[in-house]
>>> print(open('data.cif').read())   # mmCIF, C-alpha atoms
data_entry
loop_
_atom_site.label_atom_id
_atom_site.label_comp_id
_atom_site.auth_asym_id
_atom_site.auth_seq_id
_atom_site.Cartn_x
_atom_site.Cartn_y
_atom_site.Cartn_z
CA MET A 1 138.80 126.74 -48.28
CA GLY A 2 142.22 125.15 -47.84
CA ARG A 3 141.24 121.55 -48.59
CA LEU A 4 144.52 121.07 -50.45
CA LYS A 5 146.73 123.15 -48.18
CA GLY A 6 150.25 121.75 -48.10
CA LYS A 7 149.68 119.50 -51.11
CA VAL A 8 151.34 119.52 -54.52
CA ALA A 9 149.05 119.02 -57.50
CA MET A 10 150.25 118.21 -61.00
CA VAL A 11 147.67 119.14 -63.64
CA VAL A 12 148.46 117.72 -67.06
CA GLY A 13 146.70 119.73 -69.74
CA ALA A 14 146.54 122.84 -67.55
CA GLY A 15 146.40 125.24 -70.47
CA SER A 16 143.49 126.09 -72.72
CA ILE A 17 143.29 125.75 -76.48
CA GLY A 18 141.61 129.15 -76.75
CA PRO A 19 140.22 132.03 -74.69
CA GLY A 20 138.07 131.01 -71.76
CA TRP A 21 138.22 128.13 -69.31
CA GLY A 22 139.17 124.61 -70.32
CA ASN A 23 138.81 121.75 -67.85
CA GLY A 24 142.51 121.62 -67.00
CA LYS A 25 142.89 125.37 -66.60
CA ALA A 26 139.86 125.56 -64.30
CA THR A 27 141.11 122.57 -62.31
CA ALA A 28 144.57 124.04 -61.80
CA VAL A 29 143.11 127.32 -60.56
CA THR A 30 140.58 125.55 -58.34
CA PHE A 31 143.31 123.42 -56.75
CA ALA A 32 145.38 126.55 -56.10
CA ARG A 33 142.40 128.34 -54.54
CA GLN A 34 142.18 125.40 -52.16
CA GLY A 35 145.78 125.81 -51.07
CA ALA A 36 147.71 123.50 -53.40
CA GLN A 37 151.01 124.31 -55.05
CA VAL A 38 150.21 123.58 -58.68
CA PHE A 39 152.55 122.24 -61.34
CA CYS A 40 150.88 123.29 -64.59
CA VAL A 41 151.79 121.12 -67.59
CA ASP A 42 150.76 121.68 -71.19
CA ARG A 43 152.11 121.02 -74.66
CA ASN A 44 151.55 124.73 -75.30
CA GLY A 45 154.03 126.42 -72.98
CA ALA A 46 152.37 129.82 -73.27
CA ALA A 47 149.02 128.33 -72.20
CA ALA A 48 150.64 126.70 -69.16
CA GLU A 49 152.31 130.00 -68.28
CA GLU A 50 148.98 131.81 -68.56
CA THR A 51 147.37 129.45 -66.05
CA ALA A 52 150.32 129.72 -63.67
CA LYS A 53 150.12 133.52 -63.90
CA ILE A 54 146.40 133.51 -63.02
CA ILE A 55 147.25 131.48 -59.92
CA ALA A 56 150.14 133.76 -58.98
CA ASP A 57 148.02 136.87 -59.50
CA GLU A 58 145.50 135.43 -57.03
CA GLY A 59 148.22 134.91 -54.46
CA GLY A 60 148.73 131.20 -55.07
CA GLN A 61 151.82 129.17 -55.93
CA ALA A 62 152.30 127.61 -59.35
CA SER A 63 154.89 126.86 -61.97
CA ALA A 64 154.57 125.98 -65.64
CA PHE A 65 156.18 123.18 -67.61
CA THR A 66 156.02 122.40 -71.32
CA ALA A 67 155.63 118.74 -72.30
CA ASP A 68 153.98 116.56 -74.90
CA VAL A 69 152.83 113.80 -72.56
CA SER A 70 152.31 111.32 -75.37
CA HIS A 71 156.10 110.88 -75.28
CA ALA A 72 157.68 108.89 -72.44
CA ARG A 73 160.86 110.96 -72.15
CA GLU A 74 158.89 114.19 -71.79
CA VAL A 75 156.75 112.65 -69.04
CA GLU A 76 159.87 111.50 -67.18
CA ALA A 77 161.25 115.03 -67.45
CA MET A 78 157.92 116.47 -66.26
CA VAL A 79 157.89 114.33 -63.12
CA ALA A 80 161.54 115.05 -62.38
CA ALA A 81 160.96 118.80 -62.73
CA CYS A 82 157.97 118.71 -60.37
CA LEU A 83 159.95 116.79 -57.76
CA LYS A 84 162.85 119.21 -58.09
CA ALA A 85 160.50 122.17 -57.60
CA TYR A 86 158.26 120.83 -54.85
CA GLY A 87 159.70 117.53 -53.56
CA ARG A 88 156.47 115.50 -53.85
CA ILE A 89 153.30 114.91 -55.89
CA ASP A 90 150.07 114.50 -53.94
CA VAL A 91 147.55 114.90 -56.76
CA LEU A 92 147.83 114.00 -60.44
CA ASP A 93 145.10 115.22 -62.78
CA ASN A 94 145.30 113.69 -66.27
CA ASN A 95 143.34 116.07 -68.43
CA VAL A 96 144.68 115.90 -72.00
CA GLY A 97 142.47 114.70 -74.82
CA ILE A 98 141.56 115.19 -78.45
CA ALA A 99 138.47 114.26 -80.45
CA GLU A 100 138.65 113.24 -84.08
CA MET A 101 135.62 112.28 -86.11
CA GLY A 102 134.93 109.00 -87.86
CA SER A 103 133.45 105.52 -87.48
CA VAL A 104 135.55 102.35 -87.54
CA VAL A 105 135.04 102.28 -91.30
CA GLU A 106 136.04 105.91 -91.83
CA VAL A 107 138.85 106.50 -89.36
CA THR A 108 142.43 106.11 -90.58
CA GLU A 109 145.07 104.09 -88.81
CA GLU A 110 147.07 107.29 -88.28
CA SER A 111 144.10 108.98 -86.63
CA TRP A 112 143.45 105.93 -84.44
CA ASP A 113 147.06 105.88 -83.23
CA ARG A 114 147.16 109.64 -82.67
CA VAL A 115 144.01 109.73 -80.53
CA PHE A 116 145.04 106.72 -78.45
CA SER A 117 148.49 108.18 -77.96
CA VAL A 118 147.15 111.50 -76.68
CA ASN A 119 144.09 110.28 -74.78
CA LEU A 120 145.32 107.01 -73.28
CA LYS A 121 149.05 106.59 -73.54
CA SER A 122 149.58 109.98 -71.90
CA ALA A 123 147.68 108.89 -68.79
CA TYR A 124 149.52 105.55 -68.75
CA PHE A 125 152.89 107.32 -68.90
CA ALA A 126 151.92 109.82 -66.19
CA MET A 127 150.65 107.12 -63.81
CA LYS A 128 153.64 104.90 -64.55
CA HIS A 129 156.05 107.59 -63.35
CA VAL A 130 153.95 109.28 -60.65
CA ILE A 131 152.63 106.21 -58.80
CA PRO A 132 156.08 105.12 -57.54
CA VAL A 133 156.50 108.65 -56.13
CA MET A 134 153.13 108.43 -54.38
CA VAL A 135 153.84 104.96 -53.03
CA LYS A 136 157.16 106.12 -51.60
CA GLN A 137 155.62 109.17 -49.91
CA GLY A 138 152.69 107.18 -48.47
CA GLY A 139 149.84 107.87 -50.87
CA GLY A 140 148.20 110.22 -53.30
CA SER A 141 145.21 110.89 -55.52
CA ILE A 142 144.98 110.42 -59.29
CA ILE A 143 142.11 111.78 -61.35
CA ASN A 144 141.70 110.67 -64.96
CA ILE A 145 139.41 112.81 -67.09
CA SER A 146 137.33 110.46 -69.21
CA SER A 147 133.96 111.19 -70.88
CA ILE A 148 130.39 109.93 -70.97
CA ALA A 149 131.25 109.00 -74.56
CA SER A 150 133.12 106.09 -72.95
CA ILE A 151 129.84 104.52 -71.77
CA ARG A 152 127.24 105.56 -74.38
CA HIS A 153 126.82 106.76 -77.94
CA MET A 154 126.45 110.53 -78.14
CA GLY A 155 124.78 110.72 -81.54
CA ILE A 156 127.94 111.67 -83.41
CA SER A 157 130.65 109.45 -84.81
CA TYR A 158 134.02 109.59 -83.05
CA VAL A 159 134.90 106.00 -82.30
CA THR A 160 138.52 106.72 -81.39
CA TYR A 161 137.51 109.19 -78.69
CA GLY A 162 134.89 107.00 -77.02
CA THR A 163 137.01 103.86 -77.24
CA SER A 164 140.16 105.49 -75.86
CA LYS A 165 138.16 106.90 -72.95
CA ALA A 166 136.54 103.51 -72.29
CA ALA A 167 140.01 102.01 -72.06
CA MET A 168 140.94 104.78 -69.64
CA ASN A 169 138.02 103.76 -67.40
CA GLN A 170 139.27 100.18 -67.18
CA MET A 171 142.86 101.33 -66.62
CA THR A 172 141.52 103.48 -63.77
CA ARG A 173 139.64 100.58 -62.15
CA THR A 174 142.49 98.07 -62.31
CA THR A 175 145.11 100.56 -61.17
CA ALA A 176 142.89 101.66 -58.28
CA ILE A 177 142.64 98.10 -56.98
CA GLU A 178 146.31 97.30 -57.50
CA PHE A 179 147.56 100.34 -55.58
CA ALA A 180 144.84 100.80 -52.95
CA ARG A 181 146.97 99.11 -50.31
CA HIS A 182 149.58 101.82 -50.90
CA HIS A 183 146.94 104.51 -50.29
CA VAL A 184 147.08 105.66 -53.91
CA ARG A 185 143.53 106.41 -55.01
CA VAL A 186 142.64 106.44 -58.70
CA ASN A 187 139.31 107.74 -59.97
CA ALA A 188 137.82 108.84 -63.28
CA ILE A 189 135.55 111.78 -64.03
CA LEU A 190 133.16 111.39 -66.94
CA PRO A 191 132.07 114.85 -68.12
CA GLY A 192 129.24 115.14 -70.59
CA LEU A 193 128.61 117.96 -73.07
CA MET A 194 130.71 120.68 -71.51
CA LYS A 195 131.00 124.15 -73.00
CA THR A 196 134.76 124.57 -73.29
CA PRO A 197 137.30 126.02 -75.75
CA MET A 198 138.29 122.51 -76.86
CA VAL A 199 134.76 121.84 -78.11
CA GLU A 200 134.47 125.30 -79.66
CA HIS A 201 137.71 124.93 -81.59
CA SER A 202 137.06 121.39 -82.81
CA ALA A 203 135.98 121.79 -86.42
CA GLY A 204 134.99 118.14 -86.55
CA LEU A 205 132.54 118.48 -83.67
CA ALA A 206 130.97 121.65 -85.07
CA ASN A 207 130.62 119.99 -88.47
CA SER A 208 129.07 116.87 -86.96
CA TYR A 209 126.54 118.80 -84.90
CA ALA A 210 125.67 121.76 -87.10
CA LYS A 211 127.61 121.88 -90.38
CA GLY A 212 130.29 124.08 -88.84
CA ASP A 213 127.98 126.56 -87.09
CA VAL A 214 129.36 126.83 -83.53
CA GLU A 215 126.35 128.70 -82.13
CA ALA A 216 123.99 126.11 -83.60
CA MET A 217 126.19 123.39 -82.07
CA TRP A 218 125.84 125.01 -78.63
CA ARG A 219 122.06 125.02 -79.00
CA ALA A 220 122.00 121.38 -80.12
CA ARG A 221 124.17 120.30 -77.20
CA ASP A 222 122.08 122.28 -74.70
CA ALA A 223 119.00 120.48 -76.02
CA GLN A 224 120.57 117.08 -75.31
CA VAL A 225 120.94 117.84 -71.59
CA PRO A 226 117.93 117.25 -69.27
CA MET A 227 118.94 120.34 -67.28
CA GLY A 228 118.65 122.38 -70.48
CA HIS A 229 122.23 123.57 -70.64
CA MET A 230 125.76 122.27 -70.87
CA GLY A 231 128.16 122.25 -67.95
CA ASP A 232 131.35 124.27 -67.81
CA ALA A 233 134.97 123.65 -66.89
CA PHE A 234 134.43 124.46 -63.21
CA ASP A 235 131.88 121.64 -62.93
CA VAL A 236 134.73 119.28 -63.85
CA ALA A 237 137.21 121.13 -61.64
CA ASN A 238 134.98 120.90 -58.58
CA ALA A 239 134.47 117.19 -59.17
CA ALA A 240 138.25 116.74 -59.33
CA LEU A 241 138.61 118.54 -56.02
CA ASP A 242 136.88 115.71 -54.17
CA GLU A 243 139.46 114.45 -51.69
CA ALA A 244 137.35 111.80 -49.86
CA LYS A 245 139.74 109.34 -48.25
CA TYR A 246 137.63 106.24 -48.90
CA VAL A 247 136.87 106.67 -52.59
CA THR A 248 138.82 104.83 -55.26
CA GLY A 249 138.09 103.13 -58.56
CA ILE A 250 134.90 105.09 -59.26
CA GLU A 251 133.61 106.78 -62.39
CA LEU A 252 131.99 110.06 -61.40
CA VAL A 253 129.54 111.19 -64.08
CA VAL A 254 129.20 114.96 -64.49
CA ASP A 255 126.63 115.33 -67.26
CA GLY A 256 123.45 117.14 -66.24
CA GLY A 257 121.49 113.88 -66.31
CA ILE A 258 122.26 112.79 -69.88
CA THR A 259 123.14 109.20 -69.02
CA CYS A 260 119.93 108.80 -66.99
CA LYS A 261 117.62 110.14 -69.68
CA ALA A 262 114.96 107.78 -70.98
CA GLY A 263 115.86 106.55 -74.43
CA ALA A 264 119.50 107.56 -73.99
#
>>> encode(input="data.cif", output="structure tokens")
Amino acid sequence: MGRLKGKVAMVVGAGSIGPGWGNGKATAVTFARQGAQVFCVDRNGAAAEETAKIIADEGGQASAFTADVSHAREVEAMVAACLKAYGRIDVLDNNVGIAEMGSVVEVTEESWDRVFSVNLKSAYFAMKHVIPVMVKQGGGSIINISSIASIRHMGISYVTYGTSKAAMNQMTRTTAIEFARHHVRVNAILPGLMKTPMVEHSAGLANSYAKGDVEAMWRARDAQVPMGHMGDAFDVANAALDEAKYVTGIELVVDGGITCKAGA
């Protein structure tokens, strides 16, 4: 306990799209349980407030902020508000993302732009404005939530999701090298087949897996995992908690063995 005592953690996408535990919500609570003061950001203000309340009810410190991080001005306001509240940012967790179905032939230009704006531009904006803060204060840790869809085909067609996450991986690597001398570490987590509200409420995913049947989708996804079951949001949260001082530029796969499976 207390691995993040005295630190300020900004979790972008700290709410949840529905009941239960999304990756960002679980990460925010996990950071708080480890002693961090958590700045909970979400486009849905009520969802951010819910996460902050869970932390407060457990005796932790948190505040909520509403922002659409695909817009530069809202990201600038987010960073300014965190600094006003806490004076520093030690950890940045970029956890927003959407999945829309379609191959390169099927996907529309509007869909392409929307997914890249949410999945990639948001992380670019956040790092652009948070890294100078971290450099000035002597260092920090950035975690970008990617996906195993960035490194392999998952059997369903969502080219915008996989491609935007692959670009995130490369942005993570290059940024890690460029700012290592300033003690700013940048890593990516690649979850695979997690059981979260985002997946449950994505009609496109349920349709692609099981013609809209969510329970059948869960069974199909469980069957893809060598361990026999999907992971959950706390598997991602615990990976994000890693505060090793000599780790930067890595892609940590959290997928129950999917990417190692023969024939994958």
>>> resolve_selection(input="data.cif", expression="the PyMOL selection byres ((chain A and resi 31) around 9)", output="number ranges by chain")
A: 3-4, 9, 26-30, 32-38, 237-238, 240-241
>>> residues_around(input="data.cif", residues="Trp112 of chain A", least_positions_apart="6", cutoff="9 Å", atoms="only C-alpha atoms", output="number ranges by chain")
A: 100, 159-161
>>> residues_near_point(input="data.cif", point="(139.5, 109.4, -65.2)", cutoff="6 Å", atoms="all atoms listed in the file", output="number ranges by chain")
A: 143-146, 187-189
>>> resolve_selection(input="data.cif", expression="the PyMOL selection byres ((chain A and resi 50) around 12)", output="ChimeraX atom specification")
/A:14-21,25-26,28-29,40-42,44-49,51-57,62-65
>>> closest_residue(input="data.cif", among="A:Gly140, A:Gly97, A:Gly231, A:Gly162", to="Ala123 of chain A", atoms="only C-alpha atoms")
A:Gly97
>>> residues_near_point(input="data.cif", point="(154.5, 112.6, -75.1)", cutoff="12 Å", atoms="all atoms listed in the file", output="compact mmCIF listing (two decimals) with C-alpha atoms, in the frame of the given file")
# COMPACT_ATOMS: atom_id res chain seq x y z
CA VAL A 12 148.46 117.72 -67.06
CA GLY A 13 146.70 119.73 -69.74
CA VAL A 41 151.79 121.12 -67.59
CA ASP A 42 150.76 121.68 -71.19
CA ARG A 43 152.11 121.02 -74.66
CA THR A 66 156.02 122.40 -71.32
CA ALA A 67 155.63 118.74 -72.30
CA ASP A 68 153.98 116.56 -74.90
CA VAL A 69 152.83 113.80 -72.56
CA SER A 70 152.31 111.32 -75.37
CA HIS A 71 156.10 110.88 -75.28
CA ALA A 72 157.68 108.89 -72.44
CA ARG A 73 160.86 110.96 -72.15
CA GLU A 74 158.89 114.19 -71.79
CA VAL A 75 156.75 112.65 -69.04
CA GLU A 76 159.87 111.50 -67.18
CA ALA A 77 161.25 115.03 -67.45
CA MET A 78 157.92 116.47 -66.26
CA VAL A 96 144.68 115.90 -72.00
CA ARG A 114 147.16 109.64 -82.67
CA PHE A 116 145.04 106.72 -78.45
CA SER A 117 148.49 108.18 -77.96
CA VAL A 118 147.15 111.50 -76.68
CA ASN A 119 144.09 110.28 -74.78
CA LEU A 120 145.32 107.01 -73.28
CA LYS A 121 149.05 106.59 -73.54
CA SER A 122 149.58 109.98 -71.90
CA ALA A 123 147.68 108.89 -68.79
CA TYR A 124 149.52 105.55 -68.75
CA PHE A 125 152.89 107.32 -68.90
CA ALA A 126 151.92 109.82 -66.19
>>> atom_distance(input="data.cif", atom1="atom CA of Leu190 of chain A", atom2="atom CA of Asp235 of chain A")
11.1 Å
>>> closest_residue(input="data.cif", among="A:Val214, A:Ile258, A:Val104, A:Leu83", to="Pro191 of chain A", atoms="only C-alpha atoms")
A:Ile258
>>> resolve_selection(input="data.cif", expression="the PyMOL selection byres ((chain A and resi 233) around 6)", output="PyMOL selection string")
chain A and resi 22-23+26+232+234-236
>>> write_last_selection(input="data.cif", atoms="C-alpha atoms", output="PDB file, in the frame of the given file")
ATOM      1  CA  GLY A  22     139.170 124.610 -70.320  1.00  0.00           C
ATOM      2  CA  ASN A  23     138.810 121.750 -67.850  1.00  0.00           C
ATOM      3  CA  ALA A  26     139.860 125.560 -64.300  1.00  0.00           C
ATOM      4  CA  ASP A 232     131.350 124.270 -67.810  1.00  0.00           C
ATOM      5  CA  PHE A 234     134.430 124.460 -63.210  1.00  0.00           C
ATOM      6  CA  ASP A 235     131.880 121.640 -62.930  1.00  0.00           C
ATOM      7  CA  VAL A 236     134.730 119.280 -63.850  1.00  0.00           C
TER       8      VAL A 236
END
>>> closest_residue(input="data.cif", among="A:Tyr158, A:Trp218, A:Tyr209, A:Tyr246", to="Arg185 of chain A", atoms="only C-alpha atoms")
A:Tyr246
>>> residues_around(input="data.cif", residues="Thr248 of chain A", least_positions_apart="5", cutoff="9 Å", atoms="all atoms listed in the file", output="PDB file with C-alpha atoms, in the frame of the given file")
ATOM      1  CA  SER A 141     145.210 110.890 -55.520  1.00  0.00           C
ATOM      2  CA  ARG A 173     139.640 100.580 -62.150  1.00  0.00           C
ATOM      3  CA  ALA A 176     142.890 101.660 -58.280  1.00  0.00           C
ATOM      4  CA  ILE A 177     142.640  98.100 -56.980  1.00  0.00           C
ATOM      5  CA  ALA A 180     144.840 100.800 -52.950  1.00  0.00           C
ATOM      6  CA  VAL A 184     147.080 105.660 -53.910  1.00  0.00           C
ATOM      7  CA  ARG A 185     143.530 106.410 -55.010  1.00  0.00           C
ATOM      8  CA  VAL A 186     142.640 106.440 -58.700  1.00  0.00           C
ATOM      9  CA  ASN A 187     139.310 107.740 -59.970  1.00  0.00           C
TER      10      ASN A 187
END
>>> closest_residue(input="data.cif", among="A:Asp255, A:Glu243, A:Asp213, A:Glu109", to="Met227 of chain A", atoms="all atoms listed in the file")
A:Asp255
>>> atom_distance(input="data.cif", atom1="atom CA of Ser103 of chain A", atom2="atom CA of Ile156 of chain A")
9.2 Å
>>> axis_aligned_box(input="data.cif", around="segment 1-9 of chain A", padding_each_side="5 Å", output="AutoDock Vina command-line options")
--center_x 145.1 --center_y 122.9 --center_z -52.7 --size_x 22.5 --size_y 17.7 --size_z 19.7
>>> closest_residue(input="data.cif", among="A:Lys211, A:Arg181, A:Arg152, A:Arg221", to="Gly139 of chain A", atoms="only C-alpha atoms")
A:Arg181
